[in-house]
Every structure is written in structure tokens, then in C-alpha cells.
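Colleague: Shown below is the structure under consideration.
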Amino acid sequence: MCTHRRAVHASAVLASLFVFMFGFVSAQGPGLGHPISEADVAAWDISILPDGTGLPPGSGTSEQGSKIFAVKCAVCHGESGKGGSAAALVGGQPLTSGIDTTKTVANFWPYATTIFDFTRRAMPWPRPRTLTSEEVYALTAFILSENKIIGAGDVMNAQTLPKVRMPNRDGFIPRFPERIP
Amino acid sequence: MSHQQPRPALDHLEIAAGNGLLHRRAFLTTGATLAAAITGYTLSETAAAQQLTDAPWSTKPGVPIPEYATPSPFEKHVVRTLTNPRGEPRTQHARTPHHLVNGTFTPNGLHFVISHSGAPDIDPAQHRLVIHGLVKRPLEFTLDALGRYPMVSRMAFVECGGNSAPLFSNEPLQAGVQTLHGLVSCAEWTGVMLSTLLEEAGIDPRAKWLIAEGADSLALSRSVPMSKALDDAMIALYQNGERIMPGNGYPMRLLLPGWEGNMNVKWLRRIKLVDQPGMSYYEARTYAPILPNGKAYQFYFLQEVKSFITHPSPGLKMSGPGFYEVSGIAYSATGPVAKVTVSADGGKTWAEAALQEPRLSKAFTRFRLPWKWDGGPAVLQSRAWDEAGNVQPTRAEVIARRGQTKTPVTNPAAFPSQHYNGPTSWAVDRAGEVKHVYA
């Protein structure tokens with residue numbers, strides 16, 4: 001009994017020493033997370049932030065995007081993105097009709113990076129994450145160009161895309177400002 | 001007790017509001033006979049008693065007990081309604097039949113589901129949860145590892161930001177509580193507090209948000225403030241005691257009690273700590289409701305205080321004048337429900353309903369009130385308050401701030417806006433039919 005207690009005590013001291021030395025056992029949990037490197041997460045890490053963080057190398061133009069769109073996107077989004085079984089990607093009415101207005105890239109989306117992010121993670125619907133970065137840049141350029149948000153010849157890449165100023169960038173009000181970090 | 005005995009007089013019961021609403025404790029002091037008399041919608045004062053005989057099922061042994069029980073065949077109609085049963089390439093909605101269930105939690109098979117690309121068929125042994133980004137130590141968790149952590153259980157409602165959206169229609173959509181409010185449910189969720197895992201990974205002070213992402217084909221992602229992540233966010237592994245249903249996020253989902261359903265990312269596989277929100281499709285576009293002045297709310301987050309009556313409601317026919325229990329559910333993202341009032345005269349007079357205990361924060365609270373329906377026209381409404389002092393607004397207040405459609409909404413799968421938390425009005429006509437009205 002006495003020996004057993006001493007053993008428990010010794011292991012507790014060892015555990016404390018371990019925490020002291022390496023500092024990665026949570027006070028609340030058993031610390032069973034397996035360390036993983038950012039390189040190992042890379043294939044999953046498709047997060048794009050509005051300032052451009054996370055955008056991959058590569059570039060594309062509207063002209064290139066037009067050809068890809070016709071093959072991979074028009075079946076749902078209609079010819080040149082005019083709309084089909086899936087939403088129109090070109091055009092849009094002013095938002096002054098309130099809730100009766102259909103939200104579009106041109107009249108609503110505040111950040112161009114969202115186009116890249118959603119296209120890369122979720123499109124095409126039956127085969128998501130099969131587009132190359134070059135293709136996603138080109139499709140993003142095509143959608144922005146068709147909406148006259150960028151010029152027909154503008155190249156979209158990790159530097160230019162975050163700088164695109166979307167028309168409705170300032171159209172938003174935080175519902176509960178005190179809850180925004 | 002003989003069936004021939006006269007019923008006790010009902011007329012002395014305390015009236016609490018117009019059109020026959022009784023005091024919420026009227027029956028607690030009047031005895032069991034009356035209490036029994038209000039439990040259903042089929043009470044008939046004139047039905048003659050018949051001599052009882054054994055039914056066939058009482059005269060032979062019953063059927064074998066199955067390994068996994070399903071409700072009685074007589075309950076086959078108690079199902080969710082589906083908007084896209086063949087899984088066409090668009091969103092699927094499965095709505096909870098609130099008028100056919102009771103109590104405060106939703107059975108797993110009836111919990112609402114919205115899925116934008118179906119339910120992925122995930123092998124739990126191969127599923128991984130990764131926490132990375134602005135952390136000191138990126139970590140990967142298996143389901144087995146998470147199962148060894150200290151767990152917590154809590155009741156929590158989950159509500160789609162688009163629940164009740166037909167109430168933005170300028171004319172009342174002729175539908176019942178399942179169509180109008182079926183995109184909210186309540187369950188007991190069990191899992192590991194997210195704060196435990198974040199502390200293990202070590203939070204970089206520059207982290208202000210996290211981006212949660214699912215293993216579904218859309219890799220659905222939402223940004224969550226770190227303050228919520230460290231408050232009461234959970235990696236939920238169990239739903240009402242069993243593993244989470246496939247449509248609700250098997251084998252693990254993010255649970256953000258009280259917050260917009262879409263943010264409670266299902267099939268959770270990745271959490272990245274970041275210094276700014278990702279402005280994903282669903283937060284930048286879908287769940288940003290347009291206001292009458294052309295601006296739009298962003299980061300609505302909260303499912304604000306709300307209530308609606310489930311009994312009676314369209315589809316539940318009143319079977320003649322007499323006693324009924326008006327009952328419904330109330331909930332709020334900002335604390336336990338403090339009070340619910342009910343009107344039977346379209347909001348002219350109100351009576352306070354009894355609240356089922358325990359009243360848990362960010363969970364369903366059932367309210368009940370005895371009602372002596374005189375057989376005439378009535379309009380039932382409910383209104384809720386939470387303990388933080390928030391009150392459910394009137395429909396007029398919601399519409400003034402948020403707008404309504406110019407033409408009537410006829411398709412319940414159309415979502416003209418989100419986050420409607422005004423009241424719902426049920427009109428009862430002389431035939432006992434219940435229909436949706438604005439009052």
C-alpha cells in the first residue's frame with residue numbers, strides 16, 4: 001500500500017516535470033492531440049482571407065476563364081454565367097429593393113477573395129477541388145470581368161485579387177458590433 | 001370512478017385573459033379529473049361510454065422486440081418534410097414536425113437538417129480533426145483520442161438562420177408550424193469543450209477568429225470569434241446519447257449554443273486560428289440579410305428570443321368547444337426563457353403561461369396554458385422574454401426594421417431573408433380549423 005502510494009507520488013512528480021519541461025499538456029485535458037506540421041495540413045488548408053493570406057501561386061485572365069467556364073461551369077450557371085439551374089454569376093439589381101433583391105457577386109459580395117475561396121473549395125458541384133489554382137484564378141477573373149469589376153485584360157493572382165474593390169464593400173453593418181473581435 | 005358521475009363545474013376556473021385563456025395554474029388546484037380532461041384534442045362531452053372489452057392485441061403475446069426500436073406503425077406520419085428528397089444539386093431541408101411531438105428535446109430521427117450537398121458517408125476511424133494556424137502546436141485528433149477527453153453534456157437548440165423566413169412574406173403563407181418553424185430543434189449534445197483542445201494547441205495571442213471547416217463536398221466553412229470558441233463551444237460527439245446522426249454531422253460537429261445553425265459546422269475536420277474572418281460564401285453572402293435601406297447585416301450570430309405555439313396549430317383540428325392545452329416552445333441565444341405570454345384574441349389581452357422546468361439556457365423551454373375554447377373565432381399568439389431582458393418583438397417591429405416581400409411567398413424553400421423572431425398567429429375558426437394569419 002505504502003509502496004503503491006509512493007509510486008503514484010513519483011509518477012505525479014514526473015508528470016509535473018514533464019509539463020514543466022515541455023509545457024504541452026493542457027490543464028483541462030489529457031493532451032492526446034497528435035503533433036502535426038503545417039506542411040502536413042497543406043493539402044487541407046484551403047482557407048483564403050480577405051487580405052490575400054492563403055492565396056496560392058499562379059494567375060489567370062478572363063479570356064482563359066471564359067474557356068474553362070464554358071466547359072466546366074456553364075452546364076449549371078448558364079452561358080457566360082447568365083444563370084441556369086444554379087445562380088447567375090453576372091449582373092444584379094441595386095439593393096434598394098430590400099429583401100426582394102437577389103444577391104449577386106456584383107451587387108452584394110464584399111470581397112473578391114470569396115469568389116476564389118468558394119470556387120476552389122466547392123466547385124464544380126459534382127467534382128469539388130479538382131480545379132487547379134490557375135483555373136480558379138482564371139474563373140475568378142472571368143466572373144469579375146463579366147461584371148465589369150475588373151478590366152477585360154486584368155490578370156488575377158495572389159497580389160492583384162485582394163486589391164480588387166468590390167462595389168458593395170461598404171454595404172454591411174455588424175448586427176452585434178460588441179461581438180466582433 | 002363511474003362514467004356516469006357528473007363532471008365538476010368548469011366555470012369557476014380563473015380566467016386570465018380574453019377568449020377563454022385560464023390561469024396557468026388553474027388545474028393544479030382543481031384536481032386530476034379536469035387535468036385529464038385537457039390532455040387531448042378529442043374530448044367530447046356527449047360521447048356515451050361503451051362497455052370495455054379486450055382488444056385483439058391483449059389476447060396474445062406481442063411481436064418480438066427489435067434491436068433498434070422505431071416508433072409504432074401508427075406513428076408513421078410523424079416524419080420530417082423534405083424539400084429535395086432525390087438529392088438534386090441544391091440544398092436539402094428536412095423539417096421537424098413540432099405539432100406532432102411534445103416535450104423539450106427533438107428525437108434524433110426528427111432533428112432538422114439543412115445540407116447544401118447531402119450527408120458525407122464518413123468512416124469514423126479515418127476521420128481527423130486538425131487544429132492549426134495561429135497556435136503554438138498544430139494538432140491532429142482522432143475520434144478515439146477525443147473519446148478519452150473529459151466530456152460535458154448540455155441541452156442546446158440549433159436553429160437555421162433561415163428558420164421562420166416565410167414570415168417575411170407580405171401575406172401569410174398557408175402552412176403549419178413544421179413548414180414555418182421546422183428548421184429548429186433541440187438535443188442533448190455530449191462532447192469535448194473546444195477550449196480544452198485550443199489550450200492544448202496553445203493559442204497565439206494574434207488569433208481573433210477561427211475558421212471551422214467540414215469534411216463535406218463543399219468543405220463548408222464559417223468564421224467564429226475566439227470569444228465564442230472559448231466560452232461554450234463544443235466538439236459534439238453524441239446527440240441525445242447516441243452518436244451524432246449523419247445529417248447532423250457524424251462523427252463530430254461544432255456546437256455553438258444559441259448561434260446561427262450554419263456556423264455549427266457539421267462533419268468538422270479543420271479549425272484554423274486566424275487574425276481576421278475568412279468572409280466565406282455563407283457569411284459574406286448567404287447569411288447577411290438585406291435591410292430596407294439597401295445595407296445588409298453582417299455576422300448576425302445570435303438566434304434571438306423567440307416562441308411559437310405548436311398545439312394547436314394548422315393540421316391539428318379542434319374537436320369541438322371545451323378545454324384544450326395551448327402549448328409551444330420558446331428559446332433564446334441570450335439566456336434562459338424568463339416568461340411567455342399567450343393571447344387568444346389576437347394580442348389584445350395576454351395571460352402568462354406555465355414554463356416547464358428546468359429552464360435551461362439556449363435550450364427549448366415548453367410553455368403551457370389551459371384554454372376553454374368557446375367555439376368562436378380566436379387568434380392564438382405567444383410572446384417570450386429571456387432572463388437577459390430581451391423580448392420577442394412584434395411582427396410589425398420586425399418588418400419595420402427588416403422589410404417584407406412585395407409579393408406573397410408561396411414556396412417554403414424560398415428564403416426572402418433570415419432571422420425572423422417575431423410571433424406567429426394561428427386563427428381558429430368555428431369549425432375548429434386552424435390557419436396561419438397575421439394579427
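Chain identifiers are assigned as A, B, and so on, following the order in which chains appear in the C-alpha cells; residues are numbered from 1 within each chain, and ligands are numbered from 1 in order of appearance.
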Quick one: residues within 12 Å of Ile99 of chain A, only C-alpha atoms counted, chain neighbours fewer than 2 positions away excluded, as a PyMOL selection string?
Modeller: (chain A and resi 93-97+101-103) or (chain B and resi 165+168-170+288-297+399+401-407+409+414-418)
Colleague: Could you give me, as JSON lines, a per-residue list for chain A showing, wherever an atom lies at most 7 Å from an atom of chain B, the closest pair of atoms and their distance in Å to one decimal, using only C-alpha atoms and sorting by chain then residue number from low to high?
Modeller:
```
{"residue": "A:Phe24", "atom": "CA", "partner": "B:Glu200", "partner_atom": "CA", "distance": 6.2}
{"residue": "A:Val25", "atom": "CA", "partner": "B:Glu200", "partner_atom": "CA", "distance": 6.2}
{"residue": "A:Ser26", "atom": "CA", "partner": "B:Glu200", "partner_atom": "CA", "distance": 4.7}
{"residue": "A:Gln28", "atom": "CA", "partner": "B:Thr196", "partner_atom": "CA", "distance": 5.8}
{"residue": "A:Gly29", "atom": "CA", "partner": "B:Tyr149", "partner_atom": "CA", "distance": 5.9}
{"residue": "A:Pro30", "atom": "CA", "partner": "B:Tyr149", "partner_atom": "CA", "distance": 6.3}
{"residue": "A:Gly31", "atom": "CA", "partner": "B:Glu200", "partner_atom": "CA", "distance": 6.3}
{"residue": "A:Leu32", "atom": "CA", "partner": "B:Ala145", "partner_atom": "CA", "distance": 5.9}
{"residue": "A:Gly33", "atom": "CA", "partner": "B:Phe141", "partner_atom": "CA", "distance": 5.1}
{"residue": "A:His34", "atom": "CA", "partner": "B:Glu140", "partner_atom": "CA", "distance": 4.9}
{"residue": "A:Pro35", "atom": "CA", "partner": "B:Leu139", "partner_atom": "CA", "distance": 4.6}
{"residue": "A:Ile36", "atom": "CA", "partner": "B:Leu139", "partner_atom": "CA", "distance": 5.3}
{"residue": "A:Ser37", "atom": "CA", "partner": "B:Pro138", "partner_atom": "CA", "distance": 6.3}
{"residue": "A:Ile48", "atom": "CA", "partner": "B:Gly278", "partner_atom": "CA", "distance": 6.3}
{"residue": "A:Leu49", "atom": "CA", "partner": "B:Gly278", "partner_atom": "CA", "distance": 4.7}
{"residue": "A:Pro50", "atom": "CA", "partner": "B:Gly278", "partner_atom": "CA", "distance": 6.4}
{"residue": "A:Leu95", "atom": "CA", "partner": "B:Gly294", "partner_atom": "CA", "distance": 4.7}
{"residue": "A:Thr96", "atom": "CA", "partner": "B:Gly294", "partner_atom": "CA", "distance": 4.6}
{"residue": "A:Ser97", "atom": "CA", "partner": "B:Pro292", "partner_atom": "CA", "distance": 6.9}
{"residue": "A:Gly98", "atom": "CA", "partner": "B:Pro292", "partner_atom": "CA", "distance": 4.3}
{"residue": "A:Ile99", "atom": "CA", "partner": "B:Ile290", "partner_atom": "CA", "distance": 5.5}
{"residue": "A:Asp100", "atom": "CA", "partner": "B:Thr405", "partner_atom": "CA", "distance": 5.8}
{"residue": "A:Trp109", "atom": "CA", "partner": "B:Arg285", "partner_atom": "CA", "distance": 6.0}
{"residue": "A:Pro110", "atom": "CA", "partner": "B:Ala284", "partner_atom": "CA", "distance": 6.8}
{"residue": "A:Thr114", "atom": "CA", "partner": "B:Ser280", "partner_atom": "CA", "distance": 5.8}
{"residue": "A:Phe118", "atom": "CA", "partner": "B:Tyr281", "partner_atom": "CA", "distance": 6.1}
{"residue": "A:Arg121", "atom": "CA", "partner": "B:Leu218", "partner_atom": "CA", "distance": 6.0}
{"residue": "A:Ala122", "atom": "CA", "partner": "B:Leu218", "partner_atom": "CA", "distance": 4.2}
{"residue": "A:Pro128", "atom": "CA", "partner": "B:Ser217", "partner_atom": "CA", "distance": 6.4}
{"residue": "A:Gly171", "atom": "CA", "partner": "B:Lys295", "partner_atom": "CA", "distance": 5.0}
{"residue": "A:Phe172", "atom": "CA", "partner": "B:Ala296", "partner_atom": "CA", "distance": 4.9}
{"residue": "A:Ile173", "atom": "CA", "partner": "B:Tyr297", "partner_atom": "CA", "distance": 4.9}
{"residue": "A:Pro174", "atom": "CA", "partner": "B:Gln298", "partner_atom": "CA", "distance": 4.7}
{"residue": "A:Arg175", "atom": "CA", "partner": "B:Tyr300", "partner_atom": "CA", "distance": 5.1}
{"residue": "A:Phe176", "atom": "CA", "partner": "B:Tyr300", "partner_atom": "CA", "distance": 6.7}
{"residue": "A:Ile180", "atom": "CA", "partner": "B:Pro225", "partner_atom": "CA", "distance": 6.9}
{"residue": "A:Pro181", "atom": "CA", "partner": "B:Lys208", "partner_atom": "CA", "distance": 6.0}
```
Colleague: Which residues are close to Gly151 of chain A, i.e. within 10 Å by only C-alpha atoms, leaving aside same-chain residues fewer than 3 positions away? Reply as JSON, numbers by chain.
Modeller: {"A": [61, 62, 141, 142, 144, 145, 146, 147, 148, 154, 155]}
Colleague: Closest to Asn108 of chain B among B:Val428, B:Ala187, B:Met263, B:Leu254, using only C-alpha atoms?
Modeller: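 Closest candidate: B:Ala187.
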Colleague: Out of A:Gly153, A:Ile68, A:Asp117, A:Pro167, which residue has the shortest atom-to-atom distance to Asp45 of chain A when counting only C-alpha atoms?
Modeller: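 Of A:Gly153, A:Ile68, A:Asp117, A:Pro167, the one nearest Asp45 of chain A, counting only C-alpha atoms, is A:Asp117.
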